[in-house]
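S.K.: The following block contains the structure, expressed as structure tokens.
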Amino acid sequence: MDSSQLLGITTFTYFFSTILYAIIFIFKAKKLGTPATVFTIIAFLVQTAGLLLRWQESYTIGYGHAPLTNMYESVIFFAWTIIFMYLLIEWKFKTKIIGAFAVPFAFLAMAYASFATGINKEISPLVPALQSNWLLAHVVTCFIGYAAFAVAAALGIMYLIKNTSESRQTTNDESLLGTLPPLKVIDDIIHKTMVFGFLWLTVGIITGAIWANSAWGTYWSWDPKETWSLITWFVYAITLHARYTRGWGGTRIAWLAIFGFMSVIFTYYGVNFLLSGLHSYGSN
Amino acid sequence: MNKTNPVVSLFASVKLALFTLCLLAVTSIIGTVIPQKESFEFYAQNYSESTARIFQVLSIPDMYNSWWFLGLLSLLSLNLIVCSIDRFPGVWKQIKKDNLAIDLKRIGKMRLSQQWNSDKSESELSTEISNKLSSNGWTTDQRKRDDSLLLFAQKGAMTRTGVYIVHASILIIFIGAIVGEITGFKGSVMLPETQSTSSIYEFGTSRAIDLGFEVRCNRFDIEFYDTGMPKAYRSSLTVLENNKVVLEKDIVVNDPLTYKGITFYQSSYQGYQDFILNITDKKTGVAEMINLPFQQRGTLTQHKDVVIGVINAETMGQSVSRLKVWFKDAEGPASVFWIPSGEEVTVQRADTEYIVAGKQMYATGLQVAKDPGVWIVYLGCGMMILGLFVAFFMSHRRIWILLKPEDGTNTVLIAGSANKNKLGFDKTFENLADNIKSN
């Protein structure tokens, strides 16, 4: 069994998890909650094994680096952190249904990594610029932040759907959306997830700056990737200030969570393809 | 601070901060879409002559250093300073507050409060409660209030400063950047192998900057993976002061050399059509180096009979992987042999053996930077992470316990509050109250 097989299995298990959560959501089959979680945990463990195996394979080949160095590996790691974040939230806040909104993100990421053309799946050696201990710290911290923002956006969508139907007054406990947690609870989890993501994004930007300084002698050079990470940081800084000092909540924060995540996606993905700069290694 | 002054209240407002942050976020996009630091001709060609002129007026080609962008950053800084000066005294008052002077009526009205009766005496109760609290890490103070006794304990009062630590950290990072800008420099130098330099060229201005010492590139090598991808760029550097060697180091990308606050980073290279050959006579041990252009012969100064030349070369991309050397000394016909670039071979001659090492000649491209402000920036970064952690995840928790004599028994009233993470504190409070209630 090699890592690509394990990761292939992961793609399908996340797909089944997504379907399970969708069934819970659509048919109010609350009994399936625990099986869905167990299934997701198993998929997560398979993926973890896949990532570790890929890491080990890279040592066997003689390159010896963490599987975090090109678009394929980073998308897979992104899916992994999203599921990790989701499971953490489910465990902490005891609400399973969030999976119906968060797990699809991980599935989409895996599907993209597996099926998109023009993505290099080979384990390739590290170019000199990436040979640094900061690689692990920088990528991992950034992706924890990204994953938190992904979950916050998933919750934002959930909030907006529930809010729309409640304002039409069609919701009662018997309906489809009755299975979702109360709006206040969703709002609280969105906020806490964004706060968590903001802290990690900050650490990610700082580790990137330190790395840049040790490689080039400049901790900040307004490269498009750097600039976009800062723009994303601004977006969440604005969101948090609006909440803390102006009492924003509910729909507005839900929209900002989604908007912020669009900025994250552009920072992570869009910059590599639409703009040029120092982070070009992420684009193949 | 004077609240009625409209200018002051504008600069102290969060509204202005939100406005400035929005503007910074939106305008920052410009420089990621329009290539930066290009020539006027570049913009004229890619956009239009008139657009290029507008760019020039608005400093778009170098927008992150433009007057208006720096102006926005200054506005943000001013906002941070005024806002913090405006609010911090109030927060400090909260931290230093005499919590035992609280209006007793407020205690029972707090969101978290419990009350019960106890037969124990006031002094028994107060020692017992203090002990129980201290075993949970709470230090209690007490004060007689009328006929009652008030106990107070708190944790994390200083965590109220978290958000101000974050704000200060941003200012410190800016200060670090300014210090670096004023006292430091960034430049580069292209240094051919075997040569040394005592000055480098500043980015942008190309002004020569004197280093105050000499740096020599002894050797530059490129290592490759089996796939042909470059694995490492390595320069062997020597720092000299008054012609004396003071420091030697092989640098690669991500591992620079620093001397007297000036750091040399491996950033690029250039291959020449010249070759460096090292010839050692095994019998006499005399070693000698010679630089030769491609397909030109040269004679050595110490081994006077030796004539040598590079007659052919195999290349891999821009760099030579193998060179073919023609070699002759006083005796016998010429030897012709291949040397893998950067390695050595032994040549058997009639009279003696020679060790011949050969490689393509390179110049190493060094990025050179001096930035005394970087440690200030790092201090600011550390403070920011610490401040965010404190501001987001730590809270100021307070507990009051009022012991009130009533008909021979004592009423115990316990109340608590936290400024953040109230749900988490609810549990802590319940556990504490249960603990105190139990005997």
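Quick note on naming: the chains in the structure tokens go A, B, ... in the order shown, residues restart at 1 in each chain, and ligands are numbered from 1 in order of appearance.
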Give me, as number ranges by chain, the residues of chain B touching chain A, with the criterion being at most 9 Å (counting only C-alpha atoms).

M.R.: B: 14-15, 17-19, 21-22, 24-26, 28-29, 31-33, 35, 64, 186, 225, 227, 229-233, 252-256, 263-267, 367-371, 374, 378, 381-382, 384-385, 388-389, 392

S.K.: So that I can check the surroundings of Thr364 of chain B, please list as a PyMOL selection string every protein, DNA and RNA residue that reaches within 6 Å of it, counting only C-alpha atoms and ignoring chain neighbours fewer than 5 positions away.

M.R.: chain B and resi 190-191+269

S.K.: Keeping only C-alpha atoms, write those residues as a compact mmCIF listing (two decimals), in the first residue's frame.

M.R.:
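And here's again-v4.txt as it stands now:
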```
# COMPACT_ATOMS: atom_id res chain seq x y z
CA MET B 190 28.15 39.89 -8.25
CA LEU B 191 31.42 38.43 -7.05
CA TYR B 269 24.93 33.20 -9.92
```

S.K.: From the list B:Val356, B:Met394, B:Leu247, B:Ala363, which residue is nearest Val163 of chain B when using only C-alpha atoms?

M.R.: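 Ranking B:Val356, B:Met394, B:Leu247, B:Ala363 by distance to Val163 of chain B, first place goes to B:Met394.
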
S.K.: Ile129 of chain B: which residues within 8 Å, counting only C-alpha atoms, same-chain residues fewer than 4 positions away excluded, as a list in words?

M.R.: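 The neighbour list is Leu125, Leu133 and Ile436 of chain B.
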
S.K.: Do a neighbour search on Tyr86 of chain A at 9 Å with only C-alpha atoms, toss out local chain neighbours closer than 2 positions, and write the hits as a ChimeraX atom specification.

M.R.: /A:81-84,88-91,98-99,102-103,147-148,151

S.K.: Go ahead and dump the residues you just picked, N, CA, C and O atoms, as a PDB file, in the first residue's frame.

M.R.:
```pdb
ATOM      1  N   THR A  81      -6.500  19.534   7.483  1.00  0.00           N
ATOM      2  CA  THR A  81      -6.694  20.494   8.576  1.00  0.00           C
ATOM      3  C   THR A  81      -8.171  20.881   8.717  1.00  0.00           C
ATOM      4  O   THR A  81      -8.634  21.128   9.826  1.00  0.00           O
ATOM      5  N   ILE A  82      -8.909  20.929   7.593  1.00  0.00           N
ATOM      6  CA  ILE A  82     -10.336  21.264   7.687  1.00  0.00           C
ATOM      7  C   ILE A  82     -11.055  20.202   8.528  1.00  0.00           C
ATOM      8  O   ILE A  82     -11.819  20.523   9.441  1.00  0.00           O
ATOM      9  N   ILE A  83     -10.781  18.918   8.219  1.00  0.00           N
ATOM     10  CA  ILE A  83     -11.425  17.845   8.974  1.00  0.00           C
ATOM     11  C   ILE A  83     -10.981  17.885  10.440  1.00  0.00           C
ATOM     12  O   ILE A  83     -11.790  17.744  11.366  1.00  0.00           O
ATOM     13  N   PHE A  84      -9.696  18.130  10.647  1.00  0.00           N
ATOM     14  CA  PHE A  84      -9.180  18.239  12.014  1.00  0.00           C
ATOM     15  C   PHE A  84      -9.927  19.327  12.782  1.00  0.00           C
ATOM     16  O   PHE A  84     -10.398  19.125  13.897  1.00  0.00           O
ATOM     17  N   LEU A  88     -12.579  18.891  15.880  1.00  0.00           N
ATOM     18  CA  LEU A  88     -12.307  19.640  17.119  1.00  0.00           C
ATOM     19  C   LEU A  88     -13.556  20.405  17.563  1.00  0.00           C
ATOM     20  O   LEU A  88     -13.940  20.385  18.736  1.00  0.00           O
ATOM     21  N   ILE A  89     -14.200  21.048  16.597  1.00  0.00           N
ATOM     22  CA  ILE A  89     -15.386  21.846  16.921  1.00  0.00           C
ATOM     23  C   ILE A  89     -16.545  20.939  17.330  1.00  0.00           C
ATOM     24  O   ILE A  89     -17.264  21.227  18.286  1.00  0.00           O
ATOM     25  N   GLU A  90     -16.681  19.832  16.623  1.00  0.00           N
ATOM     26  CA  GLU A  90     -17.772  18.906  16.989  1.00  0.00           C
ATOM     27  C   GLU A  90     -17.578  18.407  18.415  1.00  0.00           C
ATOM     28  O   GLU A  90     -18.514  18.322  19.205  1.00  0.00           O
ATOM     29  N   TRP A  91     -16.322  18.104  18.761  1.00  0.00           N
ATOM     30  CA  TRP A  91     -16.017  17.594  20.093  1.00  0.00           C
ATOM     31  C   TRP A  91     -16.249  18.679  21.150  1.00  0.00           C
ATOM     32  O   TRP A  91     -16.804  18.431  22.212  1.00  0.00           O
ATOM     33  N   ILE A  98     -22.818  20.345  11.767  1.00  0.00           N
ATOM     34  CA  ILE A  98     -21.851  21.228  11.105  1.00  0.00           C
ATOM     35  C   ILE A  98     -21.125  20.466   9.997  1.00  0.00           C
ATOM     36  O   ILE A  98     -20.740  21.025   8.969  1.00  0.00           O
ATOM     37  N   GLY A  99     -20.986  19.149  10.194  1.00  0.00           N
ATOM     38  CA  GLY A  99     -20.302  18.309   9.206  1.00  0.00           C
ATOM     39  C   GLY A  99     -20.894  18.425   7.821  1.00  0.00           C
ATOM     40  O   GLY A  99     -20.181  18.355   6.818  1.00  0.00           O
ATOM     41  N   ALA A 102     -19.096  21.484   6.566  1.00  0.00           N
ATOM     42  CA  ALA A 102     -17.631  21.565   6.595  1.00  0.00           C
ATOM     43  C   ALA A 102     -16.973  20.438   5.804  1.00  0.00           C
ATOM     44  O   ALA A 102     -16.010  20.669   5.077  1.00  0.00           O
ATOM     45  N   VAL A 103     -17.498  19.208   5.938  1.00  0.00           N
ATOM     46  CA  VAL A 103     -16.849  18.067   5.273  1.00  0.00           C
ATOM     47  C   VAL A 103     -16.824  18.216   3.742  1.00  0.00           C
ATOM     48  O   VAL A 103     -15.832  17.840   3.122  1.00  0.00           O
ATOM     49  N   ALA A 147      -7.852  26.608   7.549  1.00  0.00           N
ATOM     50  CA  ALA A 147      -8.883  25.610   7.835  1.00  0.00           C
ATOM     51  C   ALA A 147      -9.931  26.185   8.780  1.00  0.00           C
ATOM     52  O   ALA A 147     -11.141  25.973   8.591  1.00  0.00           O
ATOM     53  N   ALA A 148      -9.482  26.922   9.785  1.00  0.00           N
ATOM     54  CA  ALA A 148     -10.433  27.543  10.701  1.00  0.00           C
ATOM     55  C   ALA A 148     -11.349  28.493   9.932  1.00  0.00           C
ATOM     56  O   ALA A 148     -12.577  28.517  10.145  1.00  0.00           O
ATOM     57  N   VAL A 151     -13.949  26.527   7.982  1.00  0.00           N
ATOM     58  CA  VAL A 151     -15.054  26.071   8.833  1.00  0.00           C
ATOM     59  C   VAL A 151     -15.951  27.261   9.206  1.00  0.00           C
ATOM     60  O   VAL A 151     -17.184  27.145   9.199  1.00  0.00           O
TER      61      VAL A 151
END
```

S.K.: Counting only C-alpha atoms, what is within 10 Å of Ser58 of chain A, bar same-chain residues fewer than 5 positions away, as a ChimeraX atom specification?

M.R.: /A:52-53,63-67,122-125

S.K.: Pick out the residues sitting within 10 Å of Ala100 of chain A, and hand them over as an mmCIF file with C-alpha atoms, in the first residue's frame; count only C-alpha atoms, and ignore anything fewer than 4 positions along from it in its own chain.

M.R.:
```cif
data_model
loop_
_atom_site.group_PDB
_atom_site.id
_atom_site.type_symbol
_atom_site.label_atom_id
_atom_site.label_comp_id
_atom_site.auth_asym_id
_atom_site.auth_seq_id
_atom_site.Cartn_x
_atom_site.Cartn_y
_atom_site.Cartn_z
ATOM 1 C CA SER A 17 -19.061 11.267 4.910
ATOM 2 C CA THR A 18 -20.509 14.187 3.001
ATOM 3 C CA ILE A 19 -23.420 12.016 1.851
ATOM 4 C CA LEU A 20 -24.005 10.713 5.382
ATOM 5 C CA TYR A 21 -24.147 14.238 6.795
ATOM 6 C CA ALA A 22 -26.423 15.275 3.942
ATOM 7 C CA ILE A 23 -28.768 12.376 4.830
ATOM 8 C CA ILE A 24 -28.827 13.422 8.474
ATOM 9 C CA PHE A 25 -29.592 16.955 7.392
ATOM 10 C CA ILE A 26 -32.224 16.174 4.758
ATOM 11 C CA ALA A 36 -21.109 9.779 10.354
ATOM 12 C CA LYS A 96 -22.707 17.057 14.549
ATOM 13 C CA PRO A 104 -17.807 18.966 1.665
ATOM 14 C CA PHE A 105 -14.994 21.541 1.674
ATOM 15 C CA ALA A 154 -19.188 26.796 6.275
ATOM 16 C CA LEU A 155 -20.892 27.894 9.490
ATOM 17 C CA MET A 158 -25.346 27.430 7.631
#
```

S.K.: From segment 94-280 of chain A, collect each residue whose DSSP state is alpha helix (DSSP H) and return the set as a ChimeraX atom specification.

M.R.: /A:99-115,134-167,183-216,224-246,250-265,271-274

S.K.: At a cut-off of 6 Å, using only C-alpha atoms, what residues contact Ile276 of chain B? Leave out same-chain residues fewer than 5 positions from it and give the result as a PyMOL selection string.

M.R.: chain B and resi 290-291+358-359+361

S.K.: Go ahead and dump the residues you just picked, C-alpha atoms, as a short mmCIF file (atom, residue, chain, number, x, y, z; two decimals), in the first residue's frame.

M.R.:
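File written: part-v4.cif
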```cif
data_model
loop_
_atom_site.label_atom_id
_atom_site.label_comp_id
_atom_site.auth_asym_id
_atom_site.auth_seq_id
_atom_site.Cartn_x
_atom_site.Cartn_y
_atom_site.Cartn_z
CA ILE B 290 45.23 29.41 -13.42
CA ASN B 291 42.17 31.11 -14.96
CA GLY B 358 39.07 22.01 -13.07
CA LYS B 359 35.74 23.77 -12.99
CA MET B 361 34.23 29.79 -13.43
#
```

S.K.: Hey, can you check how far atom CA of Asp407 of chain B sits from atom CA of Ala433 of chain B?

M.R.: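 Rounded to one decimal, the two atoms are 23.0 Å apart.
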
S.K.: Can you tell me, as a ChimeraX atom specification, which residues in segment 365-421 of chain B count as strand (DSSP E) by DSSP?

M.R.: /B:365-370,397-406,409-418

S.K.: Return the single residue from B:Phe152, B:Ser74, B:Ile34, B:Ile401 that is closest to Ile178 of chain B, with distances computed using only C-alpha atoms.

M.R.: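 Smallest distance to Ile178 of chain B is found for B:Ser74.
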